[in-house]
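Next comes final.cif, a file with mmCIF, C-alpha atoms and all ligand atoms.
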data_protein
loop_
_atom_site.label_atom_id
_atom_site.label_comp_id
_atom_site.auth_asym_id
_atom_site.auth_seq_id
_atom_site.Cartn_x
_atom_site.Cartn_y
_atom_site.Cartn_z
CA MET A 277 8.17 3.23 -4.00
CA LEU A 278 5.56 1.19 -2.21
CA ASN A 279 5.31 -2.27 -3.73
CA ILE A 280 2.75 -4.37 -1.92
CA VAL A 281 1.90 -8.00 -2.51
CA ILE A 282 -1.61 -8.70 -1.26
CA PHE A 283 -1.87 -12.39 -0.63
CA GLY A 284 -4.49 -14.88 0.51
CA ALA A 285 -6.71 -17.74 -0.59
CA PRO A 286 -9.54 -17.17 -3.08
CA GLY A 287 -12.24 -15.21 -1.26
CA SER A 288 -9.87 -13.76 1.35
CA GLY A 289 -10.74 -10.18 0.35
CA LYS A 290 -7.69 -9.21 -1.72
CA GLY A 291 -9.71 -7.20 -4.25
CA THR A 292 -11.75 -5.33 -1.64
CA GLN A 293 -8.72 -4.35 0.44
CA SER A 294 -6.66 -3.51 -2.67
CA ALA A 295 -9.23 -0.88 -3.66
CA ARG A 296 -8.88 0.76 -0.24
CA ILE A 297 -5.08 0.66 -0.37
CA VAL A 298 -5.15 2.30 -3.84
CA GLU A 299 -7.44 5.02 -2.51
CA LYS A 300 -5.32 5.78 0.56
CA TYR A 301 -1.80 5.44 -0.87
CA GLY A 302 -2.32 6.44 -4.52
CA ILE A 303 -0.47 3.47 -5.98
CA ASN A 304 -1.29 1.44 -9.11
CA HIS A 305 -3.22 -1.81 -8.89
CA ILE A 306 -2.56 -4.98 -10.87
CA SER A 307 -5.11 -7.74 -10.46
CA THR A 308 -4.13 -10.61 -12.72
CA GLY A 309 -7.64 -12.09 -12.33
CA ASP A 310 -9.21 -8.81 -13.53
CA VAL A 311 -6.79 -8.61 -16.47
CA LEU A 312 -7.70 -12.15 -17.51
CA ARG A 313 -11.45 -11.59 -17.13
CA ALA A 314 -11.18 -8.47 -19.31
CA GLU A 315 -9.39 -10.52 -21.97
CA ILE A 316 -12.11 -13.17 -21.82
CA LYS A 317 -14.78 -10.50 -22.20
CA ALA A 318 -12.97 -8.96 -25.17
CA GLY A 319 -12.77 -12.41 -26.79
CA THR A 320 -8.99 -12.27 -27.40
CA GLU A 321 -6.77 -15.31 -28.00
CA LEU A 322 -5.28 -14.81 -24.54
CA GLY A 323 -8.81 -14.69 -23.13
CA LYS A 324 -9.68 -17.99 -24.78
CA THR A 325 -6.57 -19.64 -23.36
CA ALA A 326 -7.19 -18.15 -19.91
CA LYS A 327 -10.81 -19.30 -19.82
CA GLY A 328 -9.76 -22.93 -20.19
CA TYR A 329 -7.63 -22.74 -17.06
CA ILE A 330 -9.91 -20.51 -14.99
CA ASP A 331 -13.02 -22.64 -15.57
CA GLN A 332 -11.05 -25.67 -14.34
CA GLY A 333 -9.85 -23.80 -11.25
CA GLN A 334 -6.25 -24.21 -12.46
CA LEU A 335 -3.46 -21.65 -12.66
CA LEU A 336 -2.26 -20.30 -16.00
CA PRO A 337 1.28 -21.33 -16.94
CA ASP A 338 3.88 -19.21 -15.16
CA GLU A 339 5.57 -17.89 -18.36
CA LEU A 340 2.26 -16.60 -19.69
CA ILE A 341 1.20 -14.78 -16.53
CA ILE A 342 4.71 -13.40 -15.94
CA ASP A 343 4.67 -11.85 -19.46
CA ILE A 344 1.27 -10.29 -18.78
CA LEU A 345 2.52 -8.87 -15.51
CA ALA A 346 5.68 -7.42 -17.06
CA SER A 347 3.74 -5.59 -19.76
CA THR A 348 1.20 -4.23 -17.26
CA LEU A 349 4.06 -3.01 -15.06
CA ASP A 350 5.67 -1.25 -18.04
CA SER A 351 2.42 0.53 -18.83
CA PHE A 352 2.56 2.50 -15.55
CA GLN A 353 4.24 5.88 -15.68
CA ASP A 354 5.28 8.11 -12.78
CA SER A 355 4.04 5.38 -10.48
CA LYS A 356 4.28 5.74 -6.69
CA GLY A 357 4.22 1.98 -6.40
CA VAL A 358 2.06 -1.01 -7.17
CA ILE A 359 -0.24 -3.37 -5.37
CA PHE A 360 0.06 -6.88 -6.76
CA ASP A 361 -3.26 -8.68 -6.33
CA GLY A 362 -3.43 -12.34 -7.38
CA PHE A 363 0.26 -12.40 -8.30
CA PRO A 364 2.56 -14.11 -7.40
CA ARG A 365 0.74 -17.41 -7.00
CA THR A 366 3.72 -19.76 -7.32
CA ILE A 367 7.34 -19.67 -6.17
CA ALA A 368 8.45 -19.23 -9.81
CA GLN A 369 6.23 -16.15 -10.08
CA ALA A 370 7.62 -14.72 -6.83
CA GLU A 371 11.16 -15.20 -8.11
CA ALA A 372 10.24 -13.56 -11.43
CA LEU A 373 8.68 -10.62 -9.60
CA LYS A 374 11.81 -10.17 -7.54
CA VAL A 375 13.94 -10.04 -10.70
CA MET A 376 11.50 -7.74 -12.52
CA LEU A 377 11.50 -5.25 -9.66
CA ALA A 378 15.28 -5.49 -9.17
CA GLU A 379 15.75 -4.62 -12.85
CA ARG A 380 13.82 -1.44 -12.11
CA GLY A 381 15.84 -0.73 -8.96
CA GLN A 382 12.95 -1.75 -6.74
CA GLU A 383 11.77 -4.49 -4.41
CA VAL A 384 8.66 -5.78 -2.70
CA SER A 385 8.06 -3.59 0.37
CA ILE A 386 5.68 -5.95 2.18
CA MET A 387 3.60 -9.07 1.66
CA LEU A 388 0.20 -8.90 3.39
CA ASP A 389 -1.26 -12.35 4.07
CA LEU A 390 -5.02 -12.11 4.53
CA ASP A 391 -5.74 -15.09 6.73
CA VAL A 392 -9.32 -16.40 6.59
CA PRO A 393 -10.63 -19.80 7.76
CA GLU A 394 -11.62 -22.23 5.03
CA ASP A 395 -15.34 -22.49 5.88
CA GLU A 396 -15.64 -18.70 5.69
CA LEU A 397 -13.89 -18.69 2.28
CA MET A 398 -16.41 -21.22 0.94
CA THR A 399 -19.37 -19.18 2.22
CA ARG A 400 -18.04 -15.92 0.76
CA LEU A 401 -17.23 -17.40 -2.66
CA ILE A 402 -20.57 -19.18 -3.05
CA LYS A 403 -22.32 -15.91 -2.18
CA ARG A 404 -20.14 -13.98 -4.66
CA GLY A 405 -20.99 -16.53 -7.36
CA GLN A 406 -24.69 -16.05 -6.76
CA GLU A 407 -24.40 -12.26 -6.84
CA SER A 408 -21.85 -11.67 -9.61
CA GLY A 409 -22.30 -14.79 -11.69
CA ARG A 410 -18.52 -15.29 -11.81
CA ALA A 411 -18.22 -18.63 -13.59
CA ASP A 412 -15.48 -19.99 -11.33
CA ASP A 413 -17.39 -19.19 -8.12
CA ASN A 414 -19.35 -22.45 -8.05
CA GLU A 415 -18.85 -25.09 -5.37
CA GLU A 416 -16.97 -27.59 -7.54
CA THR A 417 -14.50 -25.05 -8.98
CA ILE A 418 -14.05 -23.31 -5.62
CA LYS A 419 -12.94 -26.63 -4.08
CA LYS A 420 -10.40 -27.10 -6.89
CA ARG A 421 -9.11 -23.53 -6.44
CA LEU A 422 -8.61 -24.13 -2.73
CA VAL A 423 -6.64 -27.31 -3.44
CA VAL A 424 -4.47 -25.36 -5.92
CA TYR A 425 -4.02 -22.61 -3.32
CA HIS A 426 -2.79 -25.08 -0.70
CA SER A 427 -0.46 -26.97 -3.02
CA GLN A 428 0.99 -24.24 -5.26
CA THR A 429 0.36 -20.85 -3.62
CA SER A 430 0.57 -21.22 0.17
CA PRO A 431 4.31 -22.18 0.04
CA LEU A 432 4.82 -18.47 -0.69
CA ILE A 433 4.11 -17.75 2.96
CA ASP A 434 7.43 -19.32 3.98
CA TRP A 435 9.16 -17.85 0.92
CA TYR A 436 8.20 -14.30 1.92
CA LYS A 437 9.02 -15.01 5.57
CA GLN A 438 12.54 -15.87 4.44
CA GLU A 439 12.66 -12.64 2.45
CA GLY A 440 11.71 -10.77 5.64
CA LYS A 441 8.63 -9.28 3.95
CA TYR A 442 5.84 -11.30 5.53
CA GLN A 443 3.00 -9.65 7.46
CA HIS A 444 0.08 -11.65 8.81
CA ILE A 445 -3.31 -9.91 8.63
CA GLN A 446 -6.38 -11.21 10.41
CA GLY A 447 -8.79 -11.49 7.46
CA LEU A 448 -11.92 -12.06 9.56
CA GLY A 449 -13.82 -9.05 10.86
CA THR A 450 -15.22 -5.87 9.38
CA MET A 451 -13.75 -4.46 6.18
CA GLU A 452 -12.78 -1.32 8.13
CA GLY A 453 -11.11 -3.30 10.92
CA ILE A 454 -9.09 -5.36 8.47
CA PHE A 455 -8.08 -2.24 6.56
CA ALA A 456 -6.97 -0.54 9.79
CA GLU A 457 -4.58 -3.45 10.46
CA ILE A 458 -3.26 -3.23 6.88
CA ALA A 459 -2.75 0.55 7.06
CA GLU A 460 -0.90 0.18 10.37
CA ALA A 461 1.50 -2.32 8.80
CA ILE A 462 2.08 -0.12 5.72
CA ASP A 463 2.58 3.03 7.77
CA LYS A 464 5.33 1.32 9.75
CA LEU A 465 7.40 0.75 6.57
P1 LIG B 1 -9.41 -15.56 -6.64
O1 LIG B 1 -8.21 -15.12 -5.89
O2 LIG B 1 -10.69 -15.10 -6.05
O3 LIG B 1 -9.44 -17.03 -6.93
P2 LIG B 1 -8.54 -14.17 -9.10
O4 LIG B 1 -9.48 -13.23 -9.76
O5 LIG B 1 -7.30 -13.61 -8.50
O6 LIG B 1 -9.43 -14.95 -8.08
O7 LIG B 1 -8.08 -15.30 -10.16
C1 LIG B 1 -9.01 -16.06 -10.90
C2 LIG B 1 -8.29 -17.11 -11.73
O8 LIG B 1 -7.39 -16.49 -12.68
C3 LIG B 1 -7.40 -18.09 -10.96
O9 LIG B 1 -8.14 -19.17 -10.43
C4 LIG B 1 -6.41 -18.54 -12.08
O10 LIG B 1 -7.01 -19.48 -12.95
C5 LIG B 1 -6.20 -17.26 -12.87
N1 LIG B 1 -5.05 -16.50 -12.35
C6 LIG B 1 -5.10 -15.27 -11.74
N2 LIG B 1 -3.88 -14.88 -11.34
C7 LIG B 1 -3.02 -15.87 -11.70
C8 LIG B 1 -1.61 -16.09 -11.54
N3 LIG B 1 -0.84 -15.19 -10.92
N4 LIG B 1 -1.08 -17.24 -12.02
C9 LIG B 1 -1.82 -18.14 -12.64
N5 LIG B 1 -3.15 -18.03 -12.81
C10 LIG B 1 -3.75 -16.91 -12.36
#
For the structure just supplied, provide its representation as structure tokens.
Amino acid sequence: MLNIVIFGAPGSGKGTQSARIVEKYGINHISTGDVLRAEIKAGTELGKTAKGYIDQGQLLPDELIIDILASTLDSFQDSKGVIFDGFPRTIAQAEALKVMLAERGQEVSIMLDLDVPEDELMTRLIKRGQESGRADDNEETIKKRLVVYHSQTSPLIDWYKQEGKYQHIQGLGTMEGIFAEIAEAIDKL
């Protein structure tokens, strides 16, 4: 089982690199952001709740997102592994993931930290907002998301270092170059 946590600030390229990892290694992909956007589009109760948080650049409550993740995980059958994209985003979520995987006789294989300088993140996200119209990719909300990343999510770097799962990835460069570094790290497992 290959269980990969792809980690990084908003705009670090998690979604792009996840798609390549899925293609090469044939594992399942869970993007909590994509799940929530699909719920918003479908107009569900969960979608309405999620929209309130997302539009403010805030994280959803841990219990809610952990439940969503558990049911998505259970929906996979004969899985070769999973790439977790956008989860965990807090220490509580990382601890919950550890328990969830342990209950299934599994563990996180590696945490890939896509490291991108802040000014580049801003540029990428503003461009994405203009192209895709994603409501939370506007300058004001991006700034809030970066603050949330630094206060609530980046402590996971040390957490995964302590777990012995941390792998730094240089997130600046061509998509191919970044993917080559990722594949090298995965192939060493
Ligand atoms: P990005 O990493 O580009 O900010 P995502 O698509 O991963 O975007 O997430 C968009 C939003 O969805 C987040 O800002 C947050 O409000 C919500 N969200 C996604 N994943 C989680 C999570 N694991 N915990 C709490 N909220 C989440």
Between atom CA of Leu345 of chain A and atom CA of Gly405 of chain A, what distance in Å does the model show, to one decimal?
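The value is 26.0 Å.
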With all atoms listed in the file as the atoms that count, which of A:Arg365, A:Leu465, A:Thr450, A:Ala459 lies nearest to Lys300 of chain A?
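Residue with the minimum atom-to-atom distance to Lys300 of chain A: A:Ala459.
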Could you list, as a list in words, all residues that come within 7 Å of ligand LIG 1 (chain B)? Count only C-alpha atoms and all ligand atoms.
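Here is the list of contacting residues: Ala285, Pro286, Gly287, Ser307, Thr308, Gly309, Asp310, Leu312, Tyr329, Ile330, Gly333, Gln334, Leu335, Leu336, Pro337, Asp338, Ile341, Asp361, Gly362, Phe363, Pro364, Arg365 and Arg421 of chain A.
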I need the residues from that last selection saved to file as a short mmCIF file (atom, residue, chain, number, x, y, z; two decimals), in the frame of the given file (with C-alpha atoms), if you can.
data_model
loop_
_atom_site.label_atom_id
_atom_site.label_comp_id
_atom_site.auth_asym_id
_atom_site.auth_seq_id
_atom_site.Cartn_x
_atom_site.Cartn_y
_atom_site.Cartn_z
CA ALA A 285 -6.71 -17.74 -0.59
CA PRO A 286 -9.54 -17.17 -3.08
CA GLY A 287 -12.24 -15.21 -1.26
CA SER A 307 -5.11 -7.74 -10.46
CA THR A 308 -4.13 -10.61 -12.72
CA GLY A 309 -7.64 -12.09 -12.33
CA ASP A 310 -9.21 -8.81 -13.53
CA LEU A 312 -7.70 -12.15 -17.51
CA TYR A 329 -7.63 -22.74 -17.06
CA ILE A 330 -9.91 -20.51 -14.99
CA GLY A 333 -9.85 -23.80 -11.25
CA GLN A 334 -6.25 -24.21 -12.46
CA LEU A 335 -3.46 -21.65 -12.66
CA LEU A 336 -2.26 -20.30 -16.00
CA PRO A 337 1.28 -21.33 -16.94
CA ASP A 338 3.88 -19.21 -15.16
CA ILE A 341 1.20 -14.78 -16.53
CA ASP A 361 -3.26 -8.68 -6.33
CA GLY A 362 -3.43 -12.34 -7.38
CA PHE A 363 0.26 -12.40 -8.30
CA PRO A 364 2.56 -14.11 -7.40
CA ARG A 365 0.74 -17.41 -7.00
CA ARG A 421 -9.11 -23.53 -6.44
#
Could you tell me, as a ChimeraX atom specification, which residues have any atom at most 7 Å from (-10.1, -16.4, -19.0), counting only C-alpha atoms?
/A:312-313,315-316,323-328,330
Same residues, C-alpha atoms, output as an mmCIF file, keeping the file's coordinate frame:
data_model
loop_
_atom_site.group_PDB
_atom_site.id
_atom_site.type_symbol
_atom_site.label_atom_id
_atom_site.label_comp_id
_atom_site.auth_asym_id
_atom_site.auth_seq_id
_atom_site.Cartn_x
_atom_site.Cartn_y
_atom_site.Cartn_z
ATOM 1 C CA LEU A 312 -7.700 -12.150 -17.510
ATOM 2 C CA ARG A 313 -11.450 -11.590 -17.130
ATOM 3 C CA GLU A 315 -9.390 -10.520 -21.970
ATOM 4 C CA ILE A 316 -12.110 -13.170 -21.820
ATOM 5 C CA GLY A 323 -8.810 -14.690 -23.130
ATOM 6 C CA LYS A 324 -9.680 -17.990 -24.780
ATOM 7 C CA THR A 325 -6.570 -19.640 -23.360
ATOM 8 C CA ALA A 326 -7.190 -18.150 -19.910
ATOM 9 C CA LYS A 327 -10.810 -19.300 -19.820
ATOM 10 C CA GLY A 328 -9.760 -22.930 -20.190
ATOM 11 C CA ILE A 330 -9.910 -20.510 -14.990
#
Which residues of segment 420-440 of chain A come within 8 Å of segment 367-378 of chain A, and what is each one's closest atom pair and distance in Å (one decimal), counting all atoms listed in the file, sorted by chain and residue number, as JSON lines?
{"residue": "A:Gln428", "atom": "CA", "partner": "A:Ile367", "partner_atom": "CA", "distance": 7.9}
{"residue": "A:Thr429", "atom": "CA", "partner": "A:Ile367", "partner_atom": "CA", "distance": 7.5}
{"residue": "A:Pro431", "atom": "CA", "partner": "A:Ile367", "partner_atom": "CA", "distance": 7.4}
{"residue": "A:Leu432", "atom": "CA", "partner": "A:Ile367", "partner_atom": "CA", "distance": 6.1}
{"residue": "A:Trp435", "atom": "CA", "partner": "A:Ile367", "partner_atom": "CA", "distance": 7.5}
Suppose we keep C-alpha atoms; can you now write the selection as a PDB file, in the frame of the given file?
ATOM      1  CA  GLN A 428       0.990 -24.240  -5.260  1.00  0.00           C
ATOM      2  CA  THR A 429       0.360 -20.850  -3.620  1.00  0.00           C
ATOM      3  CA  PRO A 431       4.310 -22.180   0.040  1.00  0.00           C
ATOM      4  CA  LEU A 432       4.820 -18.470  -0.690  1.00  0.00           C
ATOM      5  CA  TRP A 435       9.160 -17.850   0.920  1.00  0.00           C
TER       6      TRP A 435
END
Could you jot down the atom CA of Lys420 of chain A to atom CA of Ser347 of chain A separation for me, Å, one decimal place?
28.8 Å
Quick one: which segment 311-361 of chain A residues come within 12 Å of segment 289-296 of chain A, and what is the nearest atom pair for each with the distance in Å to one decimal, counting all atoms listed in the file, rows ordered by chain and ascending number, as CSV?
residue,atom,partner,partner_atom,distance
A:Val358,CA,A:Ser294,CA,10.1
A:Ile359,CA,A:Ser294,CA,7.0
A:Phe360,CA,A:Ser294,CA,8.6
A:Asp361,CA,A:Lys290,CA,6.4
Can you spit out the residues from that selection as a short mmCIF file (atom, residue, chain, number, x, y, z; two decimals), in the frame of the given file, using C-alpha atoms?
data_model
loop_
_atom_site.label_atom_id
_atom_site.label_comp_id
_atom_site.auth_asym_id
_atom_site.auth_seq_id
_atom_site.Cartn_x
_atom_site.Cartn_y
_atom_site.Cartn_z
CA VAL A 358 2.06 -1.01 -7.17
CA ILE A 359 -0.24 -3.37 -5.37
CA PHE A 360 0.06 -6.88 -6.76
CA ASP A 361 -3.26 -8.68 -6.33
#
So how far away is atom CA of Ile445 of chain A from atom CA of Gln382 of chain A, in Å?
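The value is 23.8 Å.
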Ref. answer, residues at most 9 Å from (2.6, -8.7, 1.9) with only C-alpha atoms, as a list of chain:residue names:
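Output of the proximity query reads A:Asn279, A:Ile280, A:Val281, A:Ile282, A:Phe283, A:Val384, A:Ser385, A:Ile386, A:Met387, A:Leu388, A:Asp389, A:Leu390, A:Tyr436, A:Lys441, A:Tyr442, A:Gln443, A:His444.
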Output C-alpha atoms for every residue in the selection just made, as a PDB file, keeping the file's coordinate frame.
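Result file result.pdb:
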ATOM      1  CA  ASN A 279       5.310  -2.270  -3.730  1.00  0.00           C
ATOM      2  CA  ILE A 280       2.750  -4.370  -1.920  1.00  0.00           C
ATOM      3  CA  VAL A 281       1.900  -8.000  -2.510  1.00  0.00           C
ATOM      4  CA  ILE A 282      -1.610  -8.700  -1.260  1.00  0.00           C
ATOM      5  CA  PHE A 283      -1.870 -12.390  -0.630  1.00  0.00           C
ATOM      6  CA  VAL A 384       8.660  -5.780  -2.700  1.00  0.00           C
ATOM      7  CA  SER A 385       8.060  -3.590   0.370  1.00  0.00           C
ATOM      8  CA  ILE A 386       5.680  -5.950   2.180  1.00  0.00           C
ATOM      9  CA  MET A 387       3.600  -9.070   1.660  1.00  0.00           C
ATOM     10  CA  LEU A 388       0.200  -8.900   3.390  1.00  0.00           C
ATOM     11  CA  ASP A 389      -1.260 -12.350   4.070  1.00  0.00           C
ATOM     12  CA  LEU A 390      -5.020 -12.110   4.530  1.00  0.00           C
ATOM     13  CA  TYR A 436       8.200 -14.300   1.920  1.00  0.00           C
ATOM     14  CA  LYS A 441       8.630  -9.280   3.950  1.00  0.00           C
ATOM     15  CA  TYR A 442       5.840 -11.300   5.530  1.00  0.00           C
ATOM     16  CA  GLN A 443       3.000  -9.650   7.460  1.00  0.00           C
ATOM     17  CA  HIS A 444       0.080 -11.650   8.810  1.00  0.00           C
TER      18      HIS A 444
END
Enclose all atoms of segment 280-287 of chain A listed in the file in an axis-aligned box, grow every side by 6 Å, and hand back centre and edge lengths in Å to one decimal, as AutoDock Vina command-line options.
--center_x -4.7 --center_y -11.1 --center_z -1.3 --size_x 27.0 --size_y 25.4 --size_z 15.6
Between A:Ile402, A:Val424, A:Ile454, A:Ile297, which one has atoms that come closest to Thr366 of chain A, using only C-alpha atoms?
A:Val424
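Residues lying within 9 Å of Leu401 of chain A, counting only C-alpha atoms and ignoring same-chain neighbours fewer than 5 positions away, are Pro286, Gly287, Glu396, Gln406, Asp413, Asn414, Glu415 and Ile418 of chain A.
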Where atoms are missing, can you supply all heavy atoms for segment 335-345 of chain A and output the lot as a PDB file, keeping the file's coordinate frame?
ATOM      1  N   LEU A 335      -4.254 -22.848 -12.394  1.00  0.00           N
ATOM      2  CA  LEU A 335      -3.460 -21.650 -12.660  1.00  0.00           C
ATOM      3  C   LEU A 335      -3.012 -21.632 -14.121  1.00  0.00           C
ATOM      4  O   LEU A 335      -2.778 -22.687 -14.713  1.00  0.00           O
ATOM      5  CB  LEU A 335      -2.208 -21.634 -11.782  1.00  0.00           C
ATOM      6  CG  LEU A 335      -2.430 -21.587 -10.277  1.00  0.00           C
ATOM      7  CD1 LEU A 335      -1.085 -21.520  -9.559  1.00  0.00           C
ATOM      8  CD2 LEU A 335      -3.302 -20.403  -9.878  1.00  0.00           C
ATOM      9  N   LEU A 336      -2.871 -20.427 -14.670  1.00  0.00           N
ATOM     10  CA  LEU A 336      -2.260 -20.300 -16.000  1.00  0.00           C
ATOM     11  C   LEU A 336      -0.783 -20.628 -15.882  1.00  0.00           C
ATOM     12  O   LEU A 336      -0.206 -20.484 -14.802  1.00  0.00           O
ATOM     13  CB  LEU A 336      -2.403 -18.859 -16.508  1.00  0.00           C
ATOM     14  CG  LEU A 336      -3.678 -18.586 -17.313  1.00  0.00           C
ATOM     15  CD1 LEU A 336      -4.864 -18.483 -16.387  1.00  0.00           C
ATOM     16  CD2 LEU A 336      -3.520 -17.321 -18.133  1.00  0.00           C
ATOM     17  N   PRO A 337      -0.161 -21.053 -17.000  1.00  0.00           N
ATOM     18  CA  PRO A 337       1.280 -21.330 -16.940  1.00  0.00           C
ATOM     19  C   PRO A 337       2.057 -20.084 -16.503  1.00  0.00           C
ATOM     20  O   PRO A 337       1.702 -18.966 -16.876  1.00  0.00           O
ATOM     21  CB  PRO A 337       1.626 -21.675 -18.404  1.00  0.00           C
ATOM     22  CG  PRO A 337       0.331 -22.057 -19.033  1.00  0.00           C
ATOM     23  CD  PRO A 337      -0.739 -21.308 -18.319  1.00  0.00           C
ATOM     24  N   ASP A 338       3.104 -20.318 -15.714  1.00  0.00           N
ATOM     25  CA  ASP A 338       3.880 -19.210 -15.160  1.00  0.00           C
ATOM     26  C   ASP A 338       4.382 -18.232 -16.232  1.00  0.00           C
ATOM     27  O   ASP A 338       4.250 -17.021 -16.082  1.00  0.00           O
ATOM     28  CB  ASP A 338       5.089 -19.751 -14.375  1.00  0.00           C
ATOM     29  CG  ASP A 338       4.674 -20.320 -13.027  1.00  0.00           C
ATOM     30  OD1 ASP A 338       3.689 -19.837 -12.441  1.00  0.00           O
ATOM     31  OD2 ASP A 338       5.350 -21.261 -12.547  1.00  0.00           O
ATOM     32  N   GLU A 339       4.959 -18.773 -17.338  1.00  0.00           N
ATOM     33  CA  GLU A 339       5.570 -17.890 -18.360  1.00  0.00           C
ATOM     34  C   GLU A 339       4.534 -16.918 -18.901  1.00  0.00           C
ATOM     35  O   GLU A 339       4.819 -15.741 -19.119  1.00  0.00           O
ATOM     36  CB  GLU A 339       6.137 -18.677 -19.557  1.00  0.00           C
ATOM     37  CG  GLU A 339       6.918 -19.934 -19.211  1.00  0.00           C
ATOM     38  CD  GLU A 339       5.986 -21.088 -18.890  1.00  0.00           C
ATOM     39  OE1 GLU A 339       5.278 -21.551 -19.793  1.00  0.00           O
ATOM     40  OE2 GLU A 339       5.962 -21.533 -17.719  1.00  0.00           O
ATOM     41  N   LEU A 340       3.323 -17.422 -19.111  1.00  0.00           N
ATOM     42  CA  LEU A 340       2.260 -16.600 -19.690  1.00  0.00           C
ATOM     43  C   LEU A 340       1.886 -15.453 -18.741  1.00  0.00           C
ATOM     44  O   LEU A 340       1.842 -14.286 -19.127  1.00  0.00           O
ATOM     45  CB  LEU A 340       1.056 -17.505 -19.968  1.00  0.00           C
ATOM     46  CG  LEU A 340      -0.079 -16.931 -20.789  1.00  0.00           C
ATOM     47  CD1 LEU A 340       0.431 -16.473 -22.141  1.00  0.00           C
ATOM     48  CD2 LEU A 340      -1.163 -18.007 -21.005  1.00  0.00           C
ATOM     49  N   ILE A 341       1.662 -15.786 -17.481  1.00  0.00           N
ATOM     50  CA  ILE A 341       1.200 -14.780 -16.530  1.00  0.00           C
ATOM     51  C   ILE A 341       2.339 -13.802 -16.189  1.00  0.00           C
ATOM     52  O   ILE A 341       2.107 -12.610 -15.975  1.00  0.00           O
ATOM     53  CB  ILE A 341       0.587 -15.459 -15.273  1.00  0.00           C
ATOM     54  CG1 ILE A 341      -0.366 -14.514 -14.558  1.00  0.00           C
ATOM     55  CG2 ILE A 341       1.592 -16.014 -14.331  1.00  0.00           C
ATOM     56  CD1 ILE A 341      -1.763 -14.553 -15.055  1.00  0.00           C
ATOM     57  N   ILE A 342       3.560 -14.276 -16.212  1.00  0.00           N
ATOM     58  CA  ILE A 342       4.710 -13.400 -15.940  1.00  0.00           C
ATOM     59  C   ILE A 342       4.839 -12.359 -17.076  1.00  0.00           C
ATOM     60  O   ILE A 342       5.083 -11.179 -16.816  1.00  0.00           O
ATOM     61  CB  ILE A 342       6.007 -14.229 -15.754  1.00  0.00           C
ATOM     62  CG1 ILE A 342       5.935 -14.996 -14.421  1.00  0.00           C
ATOM     63  CG2 ILE A 342       7.257 -13.341 -15.797  1.00  0.00           C
ATOM     64  CD1 ILE A 342       6.961 -16.102 -14.249  1.00  0.00           C
ATOM     65  N   ASP A 343       4.637 -12.784 -18.327  1.00  0.00           N
ATOM     66  CA  ASP A 343       4.670 -11.850 -19.460  1.00  0.00           C
ATOM     67  C   ASP A 343       3.585 -10.785 -19.328  1.00  0.00           C
ATOM     68  O   ASP A 343       3.823  -9.607 -19.574  1.00  0.00           O
ATOM     69  CB  ASP A 343       4.430 -12.593 -20.792  1.00  0.00           C
ATOM     70  CG  ASP A 343       5.689 -13.276 -21.277  1.00  0.00           C
ATOM     71  OD1 ASP A 343       6.747 -13.045 -20.666  1.00  0.00           O
ATOM     72  OD2 ASP A 343       5.601 -14.035 -22.257  1.00  0.00           O
ATOM     73  N   ILE A 344       2.391 -11.227 -18.939  1.00  0.00           N
ATOM     74  CA  ILE A 344       1.270 -10.290 -18.780  1.00  0.00           C
ATOM     75  C   ILE A 344       1.619  -9.265 -17.706  1.00  0.00           C
ATOM     76  O   ILE A 344       1.410  -8.064 -17.859  1.00  0.00           O
ATOM     77  CB  ILE A 344      -0.024 -11.048 -18.382  1.00  0.00           C
ATOM     78  CG1 ILE A 344      -0.461 -11.979 -19.502  1.00  0.00           C
ATOM     79  CG2 ILE A 344      -1.142 -10.090 -17.992  1.00  0.00           C
ATOM     80  CD1 ILE A 344      -1.582 -12.932 -19.104  1.00  0.00           C
ATOM     81  N   LEU A 345       2.187  -9.759 -16.609  1.00  0.00           N
ATOM     82  CA  LEU A 345       2.520  -8.870 -15.510  1.00  0.00           C
ATOM     83  C   LEU A 345       3.584  -7.856 -15.912  1.00  0.00           C
ATOM     84  O   LEU A 345       3.468  -6.672 -15.616  1.00  0.00           O
ATOM     85  CB  LEU A 345       3.007  -9.674 -14.306  1.00  0.00           C
ATOM     86  CG  LEU A 345       3.034  -8.753 -13.104  1.00  0.00           C
ATOM     87  CD1 LEU A 345       1.780  -8.920 -12.280  1.00  0.00           C
ATOM     88  CD2 LEU A 345       4.255  -8.920 -12.289  1.00  0.00           C
TER      89      LEU A 345
END
